[in-house]
$ cat target_4.cif   # mmCIF, C-alpha atoms (C1' of nucleotides)
data_run
loop_
_atom_site.label_atom_id
_atom_site.label_comp_id
_atom_site.auth_asym_id
_atom_site.auth_seq_id
_atom_site.Cartn_x
_atom_site.Cartn_y
_atom_site.Cartn_z
CA MET A 202 -26.23 -17.55 1.28
CA GLU A 203 -23.88 -19.50 -0.99
CA GLU A 204 -24.09 -16.62 -3.40
CA ILE A 205 -23.40 -13.99 -0.74
CA LEU A 206 -20.31 -15.89 0.36
CA ASP A 207 -19.05 -16.07 -3.21
CA GLN A 208 -19.54 -12.34 -3.64
CA ILE A 209 -17.80 -11.55 -0.37
CA ALA A 210 -14.99 -13.92 -1.25
CA ASP A 211 -14.43 -12.06 -4.50
CA VAL A 212 -13.97 -8.78 -2.66
CA PHE A 213 -11.46 -10.30 -0.24
CA ARG A 214 -9.58 -11.93 -3.08
CA ARG A 215 -9.37 -8.73 -5.07
CA HIS A 216 -8.64 -6.25 -2.30
CA GLY A 217 -7.19 -8.19 0.62
CA TYR A 218 -8.47 -7.98 4.17
CA GLU A 219 -7.81 -4.33 4.82
CA GLY A 220 -9.00 -3.33 1.37
CA ALA A 221 -12.29 -5.17 1.76
CA THR A 222 -14.26 -2.24 3.09
CA LEU A 223 -17.87 -2.54 4.13
CA SER A 224 -18.77 -0.24 1.27
CA ARG A 225 -17.24 -2.62 -1.24
CA LEU A 226 -18.75 -5.62 0.47
CA SER A 227 -22.10 -3.88 0.47
CA ALA A 228 -21.85 -3.02 -3.21
CA ALA A 229 -20.76 -6.55 -4.15
CA THR A 230 -23.59 -8.25 -2.31
CA GLY A 231 -26.29 -5.66 -2.89
CA LEU A 232 -26.94 -5.62 0.86
CA GLY A 233 -26.78 -2.55 3.07
CA ARG A 234 -23.98 -2.32 5.59
CA ALA A 235 -26.37 -3.03 8.44
CA SER A 236 -27.73 -6.12 6.69
CA LEU A 237 -24.24 -7.55 6.52
CA TYR A 238 -24.11 -7.32 10.29
CA HIS A 239 -27.31 -9.31 10.49
CA HIS A 240 -25.62 -12.21 8.70
CA PHE A 241 -22.21 -11.69 10.26
CA PRO A 242 -22.62 -10.21 13.75
CA ASP A 243 -18.90 -9.78 14.28
CA GLY A 244 -18.36 -7.90 11.05
CA LYS A 245 -15.40 -8.38 8.77
CA ALA A 246 -13.57 -10.93 10.90
CA ASP A 247 -16.74 -13.00 10.86
CA MET A 248 -17.05 -12.77 7.10
CA ALA A 249 -13.42 -13.75 6.59
CA GLN A 250 -13.89 -16.87 8.69
CA ALA A 251 -17.10 -17.83 6.94
CA VAL A 252 -15.47 -17.35 3.57
CA ALA A 253 -12.48 -19.45 4.64
CA ALA A 254 -14.76 -22.33 5.55
CA HIS A 255 -16.75 -21.89 2.36
CA MET A 256 -13.64 -21.89 0.20
CA SER A 257 -12.30 -24.94 1.94
CA GLN A 258 -15.44 -26.84 0.95
CA ASN A 259 -15.20 -25.61 -2.62
CA VAL A 260 -11.59 -26.73 -2.90
CA MET A 261 -12.64 -30.14 -1.66
CA LYS A 262 -15.44 -30.41 -4.21
CA GLN A 263 -13.81 -28.82 -7.23
CA ILE A 264 -10.20 -29.89 -6.82
CA PHE A 265 -9.41 -32.69 -4.39
CA SER A 266 -12.36 -34.81 -5.49
CA ARG A 267 -10.56 -35.20 -8.81
CA LEU A 268 -7.86 -37.24 -7.12
CA GLU A 269 -10.28 -39.96 -6.08
CA GLY A 270 -12.31 -42.58 -7.91
CA GLU A 271 -11.52 -44.42 -11.13
CA GLY A 272 -8.76 -43.86 -13.64
CA SER A 273 -5.00 -43.85 -13.86
CA THR A 274 -2.86 -41.61 -11.71
CA ARG A 275 -2.13 -39.47 -14.73
CA GLN A 276 -5.80 -39.08 -15.50
CA LYS A 277 -6.50 -38.06 -11.93
CA LEU A 278 -3.71 -35.51 -11.93
CA GLU A 279 -4.92 -34.05 -15.18
CA GLY A 280 -8.39 -33.71 -13.70
CA PHE A 281 -6.79 -32.14 -10.66
CA ALA A 282 -5.06 -29.59 -12.89
CA SER A 283 -8.34 -28.81 -14.65
CA GLY A 284 -10.04 -28.31 -11.29
CA ILE A 285 -7.36 -25.86 -10.23
CA ILE A 286 -7.68 -23.88 -13.44
CA GLU A 287 -11.45 -23.68 -13.04
CA PHE A 288 -11.22 -22.73 -9.39
CA TYR A 289 -8.86 -19.83 -10.05
CA ASP A 290 -10.74 -18.83 -13.17
CA GLY A 291 -7.80 -19.49 -15.45
CA GLY A 292 -5.46 -17.39 -13.33
CA ALA A 293 -7.76 -14.39 -13.13
CA LYS A 294 -8.64 -14.87 -9.46
CA ASN A 295 -6.32 -14.69 -6.50
CA CYS A 296 -6.02 -17.28 -3.79
CA PHE A 297 -8.15 -16.15 -0.86
CA LEU A 298 -5.73 -17.34 1.79
CA ALA A 299 -2.71 -15.84 0.07
CA ALA A 300 -4.53 -12.52 -0.11
CA MET A 301 -5.27 -12.74 3.61
CA THR A 302 -1.66 -13.53 4.50
CA LEU A 303 -0.48 -10.23 3.19
CA THR A 304 -3.01 -7.94 4.74
CA GLY A 305 -3.41 -8.67 8.39
CA GLY A 306 -6.32 -11.08 8.54
CA ASN A 307 -3.57 -13.30 9.89
CA THR A 308 -4.71 -13.62 13.45
CA VAL A 309 -8.14 -15.02 12.76
CA LEU A 310 -7.09 -17.03 9.73
CA ALA A 311 -3.76 -18.41 10.82
CA GLU A 312 -5.18 -21.85 11.58
CA PRO A 313 -7.33 -22.26 8.47
CA MET A 314 -4.34 -21.24 6.38
CA GLN A 315 -2.02 -23.69 8.00
CA ARG A 316 -4.52 -26.52 7.72
CA SER A 317 -5.22 -25.70 4.10
CA VAL A 318 -1.59 -25.83 3.00
CA THR A 319 -1.00 -28.96 5.03
CA ARG A 320 -3.96 -30.63 3.40
CA TRP A 321 -2.81 -29.73 -0.11
CA ILE A 322 0.58 -31.26 0.56
CA GLU A 323 -0.97 -34.39 2.08
CA LYS A 324 -3.42 -34.95 -0.74
CA VAL A 325 -0.85 -34.57 -3.48
CA SER A 326 1.84 -36.59 -1.76
CA ARG A 327 -0.60 -39.41 -1.02
CA ILE A 328 -1.42 -39.95 -4.66
CA LEU A 329 2.27 -39.99 -5.51
CA LEU A 330 2.91 -42.58 -2.82
CA GLU A 331 0.16 -44.71 -4.30
CA ALA A 332 1.89 -44.36 -7.66
CA GLY A 333 5.06 -45.75 -6.14
CA ALA A 334 7.05 -42.67 -5.21
CA GLU A 335 9.37 -42.63 -2.23
CA GLU A 336 8.13 -40.59 0.68
CA LYS A 337 10.81 -37.92 0.43
CA VAL A 338 10.22 -37.46 -3.27
CA ALA A 339 6.47 -37.36 -2.83
CA LEU A 340 6.68 -34.69 -0.15
CA ARG A 341 9.12 -32.57 -2.08
CA ARG A 342 7.03 -32.67 -5.22
CA ALA A 343 3.84 -31.94 -3.30
CA ARG A 344 5.38 -28.90 -1.66
CA MET A 345 6.64 -27.79 -5.05
CA THR A 346 3.14 -28.12 -6.45
CA VAL A 347 1.68 -25.77 -3.88
CA GLU A 348 4.53 -23.33 -4.32
CA ARG A 349 4.16 -23.24 -8.06
CA ILE A 350 0.40 -22.75 -7.95
CA GLN A 351 0.72 -19.86 -5.53
CA GLY A 352 3.69 -18.41 -7.36
CA ALA A 353 2.06 -18.78 -10.75
CA LEU A 354 -0.93 -16.75 -9.58
CA ILE A 355 1.38 -13.93 -8.55
CA VAL A 356 3.42 -14.12 -11.73
CA ALA A 357 0.30 -14.21 -13.88
CA ARG A 358 -1.02 -11.10 -12.15
CA SER A 359 2.31 -9.30 -12.36
CA LEU A 360 2.69 -9.99 -16.06
CA ASN A 361 -1.00 -9.39 -16.61
CA ASP A 362 -1.00 -12.73 -18.37
CA PRO A 363 -3.45 -15.26 -16.91
CA GLN A 364 -2.50 -17.70 -19.64
CA SER A 365 0.86 -18.26 -17.98
CA PHE A 366 -0.96 -19.63 -14.96
CA GLU A 367 -2.72 -22.22 -17.06
CA THR A 368 0.55 -23.19 -18.72
CA THR A 369 2.18 -23.80 -15.37
CA VAL A 370 -0.70 -25.82 -13.98
CA ARG A 371 -0.85 -28.01 -17.07
CA GLU A 372 2.82 -28.84 -16.55
CA LEU A 373 2.19 -30.18 -13.07
CA PRO A 374 1.15 -33.76 -13.92
CA ASP A 375 4.34 -34.33 -15.94
CA MET A 376 6.49 -32.90 -13.18
CA LEU A 377 4.75 -34.99 -10.55
CA LEU A 378 4.92 -38.26 -12.45
CA GLN A 379 8.53 -37.96 -13.64
CA GLY A 380 10.07 -41.42 -13.39
CA LEU A 381 6.94 -43.00 -11.93
CA GLU A 382 5.23 -44.43 -14.99
CA MET B 215 16.98 8.47 3.15
CA GLU B 216 18.13 4.92 2.46
CA GLU B 217 17.11 4.07 5.97
CA ILE B 218 13.71 5.73 5.67
CA LEU B 219 13.00 3.77 2.51
CA ASP B 220 13.92 0.52 4.22
CA GLN B 221 11.61 1.30 7.11
CA ILE B 222 8.76 2.24 4.81
CA ALA B 223 9.36 -0.87 2.74
CA ASP B 224 9.00 -3.02 5.83
CA VAL B 225 5.59 -1.57 6.58
CA PHE B 226 4.38 -2.17 3.04
CA ARG B 227 5.72 -5.71 3.08
CA ARG B 228 4.06 -6.52 6.37
CA HIS B 229 0.72 -4.82 5.88
CA GLY B 230 0.18 -4.43 2.16
CA TYR B 231 -0.73 -1.18 0.46
CA GLU B 232 -4.07 -0.57 2.13
CA GLY B 233 -2.76 -1.67 5.50
CA ALA B 234 0.20 0.66 5.36
CA THR B 235 -1.43 3.57 7.17
CA LEU B 236 0.32 6.86 7.74
CA SER B 237 0.29 6.13 11.46
CA ARG B 238 2.22 2.93 10.95
CA LEU B 239 4.56 4.59 8.49
CA SER B 240 5.08 7.42 10.94
CA ALA B 241 5.81 5.04 13.79
CA ALA B 242 8.20 2.98 11.68
CA THR B 243 10.23 5.96 10.50
CA GLY B 244 10.01 8.09 13.61
CA LEU B 245 8.77 10.96 11.47
CA GLY B 246 5.53 12.82 11.97
CA ARG B 247 2.79 12.37 9.41
CA ALA B 248 3.39 15.83 8.01
CA SER B 249 7.10 15.18 7.65
CA LEU B 250 6.37 12.21 5.47
CA TYR B 251 4.54 14.52 3.11
CA HIS B 252 7.62 16.70 2.95
CA HIS B 253 9.63 13.77 1.57
CA PHE B 254 6.80 12.28 -0.47
CA PRO B 255 4.46 15.08 -1.60
CA ASP B 256 1.95 12.68 -3.14
CA GLY B 257 1.64 10.58 -0.03
CA LYS B 258 1.36 6.82 -0.05
CA ALA B 259 1.40 6.37 -3.80
CA ASP B 260 4.62 8.34 -3.87
CA MET B 261 6.17 6.21 -1.15
CA ALA B 262 5.19 3.01 -2.88
CA GLN B 263 6.86 4.12 -6.09
CA ALA B 264 10.01 5.22 -4.30
CA VAL B 265 10.17 1.94 -2.44
CA ALA B 266 9.69 -0.01 -5.66
CA ALA B 267 12.68 1.74 -7.23
CA HIS B 268 14.72 1.26 -4.08
CA MET B 269 13.92 -2.45 -3.89
CA SER B 270 14.76 -2.90 -7.53
CA GLN B 271 18.24 -1.56 -6.86
CA ASN B 272 18.66 -3.79 -3.83
CA VAL B 273 17.67 -6.87 -5.80
CA MET B 274 20.25 -5.94 -8.38
CA LYS B 275 22.97 -5.53 -5.77
CA GLN B 276 22.14 -8.38 -3.43
CA ILE B 277 20.85 -11.01 -5.84
CA PHE B 278 21.51 -10.56 -9.54
CA SER B 279 25.10 -9.46 -9.01
CA ARG B 280 25.77 -13.01 -7.83
CA LEU B 281 25.14 -14.32 -11.32
CA GLU B 282 28.05 -12.35 -12.78
CA GLY B 283 31.81 -12.51 -12.48
CA GLU B 284 34.03 -15.51 -11.88
CA GLY B 285 33.16 -19.09 -11.00
CA SER B 286 31.23 -22.02 -12.37
CA THR B 287 27.55 -21.80 -13.18
CA ARG B 288 26.80 -23.88 -10.13
CA GLN B 289 28.79 -21.58 -7.90
CA LYS B 290 26.98 -18.58 -9.28
CA LEU B 291 23.60 -20.17 -8.76
CA GLU B 292 24.47 -21.10 -5.21
CA GLY B 293 25.48 -17.50 -4.56
CA PHE B 294 22.22 -16.43 -6.16
CA ALA B 295 20.32 -18.68 -3.75
CA SER B 296 22.20 -17.22 -0.80
CA GLY B 297 21.41 -13.73 -1.97
CA ILE B 298 17.71 -14.57 -2.15
CA ILE B 299 17.71 -16.03 1.33
CA GLU B 300 19.42 -12.94 2.72
CA PHE B 301 17.14 -10.58 0.88
CA TYR B 302 13.99 -12.22 2.21
CA ASP B 303 15.53 -12.65 5.64
CA GLY B 304 15.34 -16.41 5.53
CA GLY B 305 11.67 -16.41 4.56
CA ALA B 306 10.60 -13.98 7.28
CA LYS B 307 9.97 -11.07 4.95
CA ASN B 308 7.39 -10.85 2.21
CA CYS B 309 8.04 -9.82 -1.35
CA PHE B 310 7.17 -6.14 -1.67
CA LEU B 311 5.68 -6.45 -5.12
CA ALA B 312 3.66 -9.53 -4.24
CA ALA B 313 2.24 -7.69 -1.26
CA MET B 314 1.28 -4.80 -3.52
CA THR B 315 -0.41 -7.06 -6.05
CA LEU B 316 -2.93 -8.19 -3.55
CA THR B 317 -3.89 -4.89 -2.04
CA GLY B 318 -4.63 -2.37 -4.69
CA GLY B 319 -1.31 -0.61 -5.22
CA ASN B 320 -1.78 -2.17 -8.65
CA THR B 321 -2.42 0.92 -10.65
CA VAL B 322 0.73 2.77 -9.69
CA LEU B 323 2.93 -0.29 -9.55
CA ALA B 324 1.73 -2.31 -12.52
CA GLU B 325 4.73 -1.41 -14.65
CA PRO B 326 7.46 -1.89 -12.02
CA MET B 327 5.94 -5.27 -11.19
CA GLN B 328 5.88 -6.41 -14.76
CA ARG B 329 9.43 -5.25 -15.40
CA SER B 330 10.66 -6.89 -12.23
CA VAL B 331 9.26 -10.32 -13.06
CA THR B 332 10.44 -10.05 -16.63
CA ARG B 333 13.93 -9.21 -15.46
CA TRP B 334 14.05 -12.15 -13.07
CA ILE B 335 13.11 -14.51 -15.85
CA GLU B 336 15.63 -12.96 -18.23
CA LYS B 337 18.50 -13.07 -15.78
CA VAL B 338 17.95 -16.68 -14.79
CA SER B 339 17.31 -17.94 -18.28
CA ARG B 340 20.39 -16.18 -19.60
CA ILE B 341 22.71 -18.02 -17.26
CA LEU B 342 21.11 -21.31 -18.24
CA LEU B 343 21.59 -20.53 -21.90
CA GLU B 344 25.25 -19.86 -21.20
CA ALA B 345 25.41 -23.24 -19.50
CA GLY B 346 24.14 -24.86 -22.67
CA ALA B 347 20.41 -25.17 -22.07
CA GLU B 348 17.94 -24.96 -24.93
CA GLU B 349 15.92 -21.78 -24.99
CA LYS B 350 12.59 -23.44 -24.18
CA VAL B 351 14.07 -25.29 -21.25
CA ALA B 352 15.83 -22.20 -19.96
CA LEU B 353 12.66 -20.14 -20.04
CA ARG B 354 10.54 -22.80 -18.39
CA ARG B 355 13.02 -23.28 -15.59
CA ALA B 356 13.43 -19.54 -15.09
CA ARG B 357 9.68 -19.08 -14.81
CA MET B 358 9.55 -21.98 -12.40
CA THR B 359 12.23 -20.34 -10.28
CA VAL B 360 10.23 -17.17 -9.86
CA GLU B 361 7.08 -19.11 -9.14
CA ARG B 362 8.75 -21.23 -6.49
CA ILE B 363 10.33 -18.28 -4.74
CA GLN B 364 7.04 -16.43 -4.58
CA GLY B 365 5.10 -19.54 -3.65
CA ALA B 366 7.63 -20.58 -1.04
CA LEU B 367 7.25 -17.23 0.71
CA ILE B 368 3.52 -17.76 0.95
CA VAL B 369 3.83 -21.36 2.05
CA ALA B 370 6.45 -20.44 4.65
CA ARG B 371 4.16 -17.78 6.06
CA SER B 372 1.10 -20.03 6.02
CA LEU B 373 2.90 -22.82 7.82
CA ASN B 374 4.66 -20.34 10.07
CA ASP B 375 7.83 -22.11 9.03
CA PRO B 376 10.45 -19.81 7.46
CA GLN B 377 12.86 -22.73 7.27
CA SER B 378 10.79 -24.26 4.48
CA PHE B 379 11.57 -21.20 2.37
CA GLU B 380 15.27 -21.74 2.77
CA THR B 381 14.91 -25.43 1.90
CA THR B 382 13.15 -24.58 -1.33
CA VAL B 383 15.63 -21.92 -2.38
CA ARG B 384 18.57 -24.21 -1.71
CA GLU B 385 16.99 -26.75 -4.07
CA LEU B 386 16.93 -24.29 -6.94
CA PRO B 387 20.48 -24.74 -8.30
CA ASP B 388 20.01 -28.51 -8.63
CA MET B 389 16.70 -28.05 -10.35
CA LEU B 390 18.10 -25.45 -12.73
CA LEU B 391 21.18 -27.44 -13.68
CA GLN B 392 19.51 -30.80 -14.16
CA GLY B 393 21.13 -32.44 -17.19
CA LEU B 394 23.41 -29.47 -17.86
CA GLU B 395 26.62 -30.48 -16.12
"C1'" DG C 274 12.98 19.56 7.74
"C1'" DT C 275 10.07 18.76 11.53
"C1'" DC C 276 6.39 19.84 14.32
"C1'" DT C 277 1.10 20.97 16.09
"C1'" DA C 278 -3.29 21.70 14.69
"C1'" DT C 279 -6.94 20.93 11.81
"C1'" DA C 280 -9.97 19.93 7.67
"C1'" DT C 281 -12.57 16.46 5.31
"C1'" DA C 282 -13.74 11.96 4.10
"C1'" DG C 283 -14.47 7.24 4.90
"C1'" DG C 284 -13.85 3.37 8.03
"C1'" DG C 285 -16.44 -0.09 11.28
"C1'" DA C 286 -20.29 -0.68 13.99
"C1'" DT C 287 -25.09 -0.11 16.35
"C1'" DA C 288 -30.13 1.37 17.21
"C1'" DG C 289 -34.43 1.04 15.88
"C1'" DA C 290 -38.20 1.51 12.23
"C1'" DC C 291 -40.41 -1.33 8.91
"C1'" DG D 263 -34.12 -9.68 6.86
"C1'" DT D 264 -33.46 -5.13 5.13
"C1'" DC D 265 -33.42 -0.41 5.56
"C1'" DT D 266 -32.14 4.80 7.31
"C1'" DA D 267 -29.84 7.33 10.49
"C1'" DT D 268 -26.21 7.99 13.38
"C1'" DC D 269 -22.00 7.32 16.49
"C1'" DC D 270 -17.19 7.36 17.05
"C1'" DC D 271 -12.84 6.58 15.28
"C1'" DT D 272 -9.10 6.59 12.09
"C1'" DA D 273 -7.47 7.73 7.46
"C1'" DT D 274 -5.37 10.99 4.22
"C1'" DA D 275 -3.98 15.42 3.46
"C1'" DT D 276 -2.91 20.45 4.23
"C1'" DA D 277 -1.67 24.99 6.62
"C1'" DG D 278 1.40 27.36 8.97
"C1'" DA D 279 4.58 27.97 13.10
"C1'" DC D 280 9.30 27.02 14.38
#
$ encode --input "target_4.cif" --output "structure tokens"
Amino acid sequence: MEEILDQIADVFRRHGYEGATLSRLSAATGLGRASLYHHFPDGKADMAQAVAAHMSQNVMKQIFSRLEGEGSTRQKLEGFASGIIEFYDGGAKNCFLAAMTLTGGNTVLAEPMQRSVTRWIEKVSRILLEAGAEEKVALRRARMTVERIQGALIVARSLNDPQSFETTVRELPDMLLQGLE
Amino acid sequence: MEEILDQIADVFRRHGYEGATLSRLSAATGLGRASLYHHFPDGKADMAQAVAAHMSQNVMKQIFSRLEGEGSTRQKLEGFASGIIEFYDGGAKNCFLAAMTLTGGNTVLAEPMQRSVTRWIEKVSRILLEAGAEEKVALRRARMTVERIQGALIVARSLNDPQSFETTVRELPDMLLQGLE
DNA sequence: GTCTATATAGGGATAGAC
DNA sequence: GTCTATCCCTATATAGAC
């Protein structure tokens, strides 16, 4: 089931909501169209929601977990950056929620999207507060972090240069810690 | 024809390439499906290309033009920010090319997209060079500008808060001129 | 230059056998 | 839990009248 969700997620990320046809989803999972309806009775909308929940868990495990535990703030942020690069496969994979924004899955996914962005900003700003940043600064830098990650994915795809995504993400710890250590 | 292209562009920006059905395009323009084929013999792919060229001109007129002529670098950059906010309707409208990236118009639009991003980076870095920035700094800040604009559009849409887009764009001149005046 | 009508393919979704 | 077969709808695209 984990594997099916990953395969479905890939299709959504590559083609957007409208472009994720049952044929493509069927091909990606190796399941017949009808079998997909066994797992997801409400069809595509169902799959999109399941994938959103699945991705949210993965982000927690692979990215946010790096901000907790031992180590200096800088070490945590560098782990955070590594987690992001892994998660987006070095810039080769799109953000699922960003892909949904631009293709009409909006209605069903509006809440998950909002909560996801809010959580990113909270997590990043919290660690900056702990490092001694003022609240305004922490919030501004956290928002900037999310913007740059999303933007860097688009730029990397436009330039057909995934490396530029990695470059941007590796810059984040320095930007976030400016004047704090 | 200008008007038709604007109407078509809106559909692509709202629904992405796959979501821009001929029915929607027909409704948006007031033209019958068949009439659209009169103007764009190759159908959707044709429209997407025409819109890309049209948008490129608009960006030139409404945004990049602000970086030329009289005034201090700061004044130019503030005009630039205003142009961006107008162009994206205060964060309410998506970027056409970003919408295409995530929905399969890729093949046809790969080159326009690449040229567009490259031009943004060139234009912004050039004005920083003129203001005395080192080349590395200018390029990094220019890339960051494009990333933040793209990212801010996604964040604004996710949070259902167009205002946050405007806030980010208004921050750009300060960020770009840091240490240069 | 716009329309009606239509051809053909593929979309999402369900029934029922195994 | 997966399949084949099928339904209905919408999509893209074209022909030809006006």
$ residues_around --input "target_4.cif" --residues "Leu353 of chain B" --least-positions-apart "4" --cutoff "7 Å" --atoms "all atoms listed in the file" --output "ChimeraX atom specification"
/B:339,349,357
$ closest_atom_pairs --input "target_4.cif" --of "chain A" --to "chain D" --cutoff "8 Å" --atoms "only C-alpha atoms (C1' of nucleotides)" --output "Markdown table"
| residue | atom | partner | partner_atom | distance |
| --- | --- | --- | --- | --- |
| A:Leu232 | CA | D:DT264 | C1' | 7.8 |
| A:Gly233 | CA | D:DC265 | C1' | 7.4 |
| A:Ser236 | CA | D:DT264 | C1' | 6.0 |
| A:His239 | CA | D:DG263 | C1' | 7.7 |
$ resolve_selection --input "target_4.cif" --expression "the PyMOL selection byres ((chain A) within 12 of (chain C))" --output "CSV table (one decimal) with C-alpha atoms, in the coordinates of the input"
chain,number,residue,atom,x,y,z
A,219,GLU,CA,-7.8,-4.3,4.8
A,220,GLY,CA,-9.0,-3.3,1.4
A,221,ALA,CA,-12.3,-5.2,1.8
A,222,THR,CA,-14.3,-2.2,3.1
A,223,LEU,CA,-17.9,-2.5,4.1
A,224,SER,CA,-18.8,-0.2,1.3
A,225,ARG,CA,-17.2,-2.6,-1.2
A,234,ARG,CA,-24.0,-2.3,5.6
A,235,ALA,CA,-26.4,-3.0,8.4
A,236,SER,CA,-27.7,-6.1,6.7
A,237,LEU,CA,-24.2,-7.6,6.5
A,238,TYR,CA,-24.1,-7.3,10.3
A,239,HIS,CA,-27.3,-9.3,10.5
A,241,PHE,CA,-22.2,-11.7,10.3
A,242,PRO,CA,-22.6,-10.2,13.8
A,243,ASP,CA,-18.9,-9.8,14.3
A,244,GLY,CA,-18.4,-7.9,11.0
A,245,LYS,CA,-15.4,-8.4,8.8
A,246,ALA,CA,-13.6,-10.9,10.9
$ axis_aligned_box --input "target_4.cif" --around "chain C" --padding-each-side "8 Å" --output "JSON"
{"center_x": -13.7, "center_y": 10.2, "center_z": 10.7, "size_x": 69.4, "size_y": 39.0, "size_z": 29.1}
$ resolve_selection --input "target_4.cif" --expression "the PyMOL selection byres ((chain A) within 7 of (chain B))" --output "ChimeraX atom specification"
/A:215-217,219-220,299-300,303-305,314-315,348-349,351-353,355-356,359-360
$ write_last_selection --input "target_4.cif" --atoms "C-alpha atoms" --output "PDB file, in the coordinates of the input"
ATOM      1  CA  ARG A 215      -9.370  -8.730  -5.070  1.00  0.00           C
ATOM      2  CA  HIS A 216      -8.640  -6.250  -2.300  1.00  0.00           C
ATOM      3  CA  GLY A 217      -7.190  -8.190   0.620  1.00  0.00           C
ATOM      4  CA  GLU A 219      -7.810  -4.330   4.820  1.00  0.00           C
ATOM      5  CA  GLY A 220      -9.000  -3.330   1.370  1.00  0.00           C
ATOM      6  CA  ALA A 299      -2.710 -15.840   0.070  1.00  0.00           C
ATOM      7  CA  ALA A 300      -4.530 -12.520  -0.110  1.00  0.00           C
ATOM      8  CA  LEU A 303      -0.480 -10.230   3.190  1.00  0.00           C
ATOM      9  CA  THR A 304      -3.010  -7.940   4.740  1.00  0.00           C
ATOM     10  CA  GLY A 305      -3.410  -8.670   8.390  1.00  0.00           C
ATOM     11  CA  MET A 314      -4.340 -21.240   6.380  1.00  0.00           C
ATOM     12  CA  GLN A 315      -2.020 -23.690   8.000  1.00  0.00           C
ATOM     13  CA  GLU A 348       4.530 -23.330  -4.320  1.00  0.00           C
ATOM     14  CA  ARG A 349       4.160 -23.240  -8.060  1.00  0.00           C
ATOM     15  CA  GLN A 351       0.720 -19.860  -5.530  1.00  0.00           C
ATOM     16  CA  GLY A 352       3.690 -18.410  -7.360  1.00  0.00           C
ATOM     17  CA  ALA A 353       2.060 -18.780 -10.750  1.00  0.00           C
ATOM     18  CA  ILE A 355       1.380 -13.930  -8.550  1.00  0.00           C
ATOM     19  CA  VAL A 356       3.420 -14.120 -11.730  1.00  0.00           C
ATOM     20  CA  SER A 359       2.310  -9.300 -12.360  1.00  0.00           C
ATOM     21  CA  LEU A 360       2.690  -9.990 -16.060  1.00  0.00           C
TER      22      LEU A 360
END
$ atom_distance --input "target_4.cif" --atom1 "atom CA of Ile298 of chain B" --atom2 "atom CA of Arg333 of chain B"
14.8 Å
$ atom_distance --input "target_4.cif" --atom1 "atom CA of Ile205 of chain A" --atom2 "atom CA of Gln263 of chain A"
18.8 Å
$ resolve_selection --input "target_4.cif" --expression "the PyMOL selection byres ((chain B and resi 274) around 12)" --output "ChimeraX atom specification"
/B:267-273,275-282,294,297-298,301,330,333-334,337
$ write_last_selection --input "target_4.cif" --atoms "C-alpha atoms" --output "JSON list (two decimals), keeping the file's coordinate frame"
[["chain", "number", "residue", "atom", "x", "y", "z"],
["B", 267, "ALA", "CA", 12.68, 1.74, -7.23],
["B", 268, "HIS", "CA", 14.72, 1.26, -4.08],
["B", 269, "MET", "CA", 13.92, -2.45, -3.89],
["B", 270, "SER", "CA", 14.76, -2.90, -7.53],
["B", 271, "GLN", "CA", 18.24, -1.56, -6.86],
["B", 272, "ASN", "CA", 18.66, -3.79, -3.83],
["B", 273, "VAL", "CA", 17.67, -6.87, -5.80],
["B", 275, "LYS", "CA", 22.97, -5.53, -5.77],
["B", 276, "GLN", "CA", 22.14, -8.38, -3.43],
["B", 277, "ILE", "CA", 20.85, -11.01, -5.84],
["B", 278, "PHE", "CA", 21.51, -10.56, -9.54],
["B", 279, "SER", "CA", 25.10, -9.46, -9.01],
["B", 280, "ARG", "CA", 25.77, -13.01, -7.83],
["B", 281, "LEU", "CA", 25.14, -14.32, -11.32],
["B", 282, "GLU", "CA", 28.05, -12.35, -12.78],
["B", 294, "PHE", "CA", 22.22, -16.43, -6.16],
["B", 297, "GLY", "CA", 21.41, -13.73, -1.97],
["B", 298, "ILE", "CA", 17.71, -14.57, -2.15],
["B", 301, "PHE", "CA", 17.14, -10.58, 0.88],
["B", 330, "SER", "CA", 10.66, -6.89, -12.23],
["B", 333, "ARG", "CA", 13.93, -9.21, -15.46],
["B", 334, "TRP", "CA", 14.05, -12.15, -13.07],
["B", 337, "LYS", "CA", 18.50, -13.07, -15.78]]
$ atom_distance --input "target_4.cif" --atom1 "atom CA of Asp211 of chain A" --atom2 "atom CA of Glu279 of chain A"
26.2 Å
$ decode --input "target_4.cif" --residues "segment 278-289 of chain C" --atoms "C-alpha atoms (C1' of nucleotides)" --output "CSV table (one decimal), in the first residue's frame"
chain,number,residue,atom,x,y,z
C,278,DA,C1',-23.1,18.8,-36.9
C,279,DT,C1',-20.4,15.0,-36.4
C,280,DA,C1',-16.3,11.7,-36.1
C,281,DT,C1',-13.2,9.3,-33.1
C,282,DA,C1',-10.8,8.6,-29.0
C,283,DG,C1',-10.2,8.7,-24.2
C,284,DG,C1',-11.9,10.1,-19.8
C,285,DG,C1',-14.2,8.4,-15.2
C,286,DA,C1',-16.8,5.0,-13.2
C,287,DT,C1',-19.5,0.4,-12.3
C,288,DA,C1',-21.1,-4.6,-12.6
C,289,DG,C1',-20.0,-9.0,-12.0
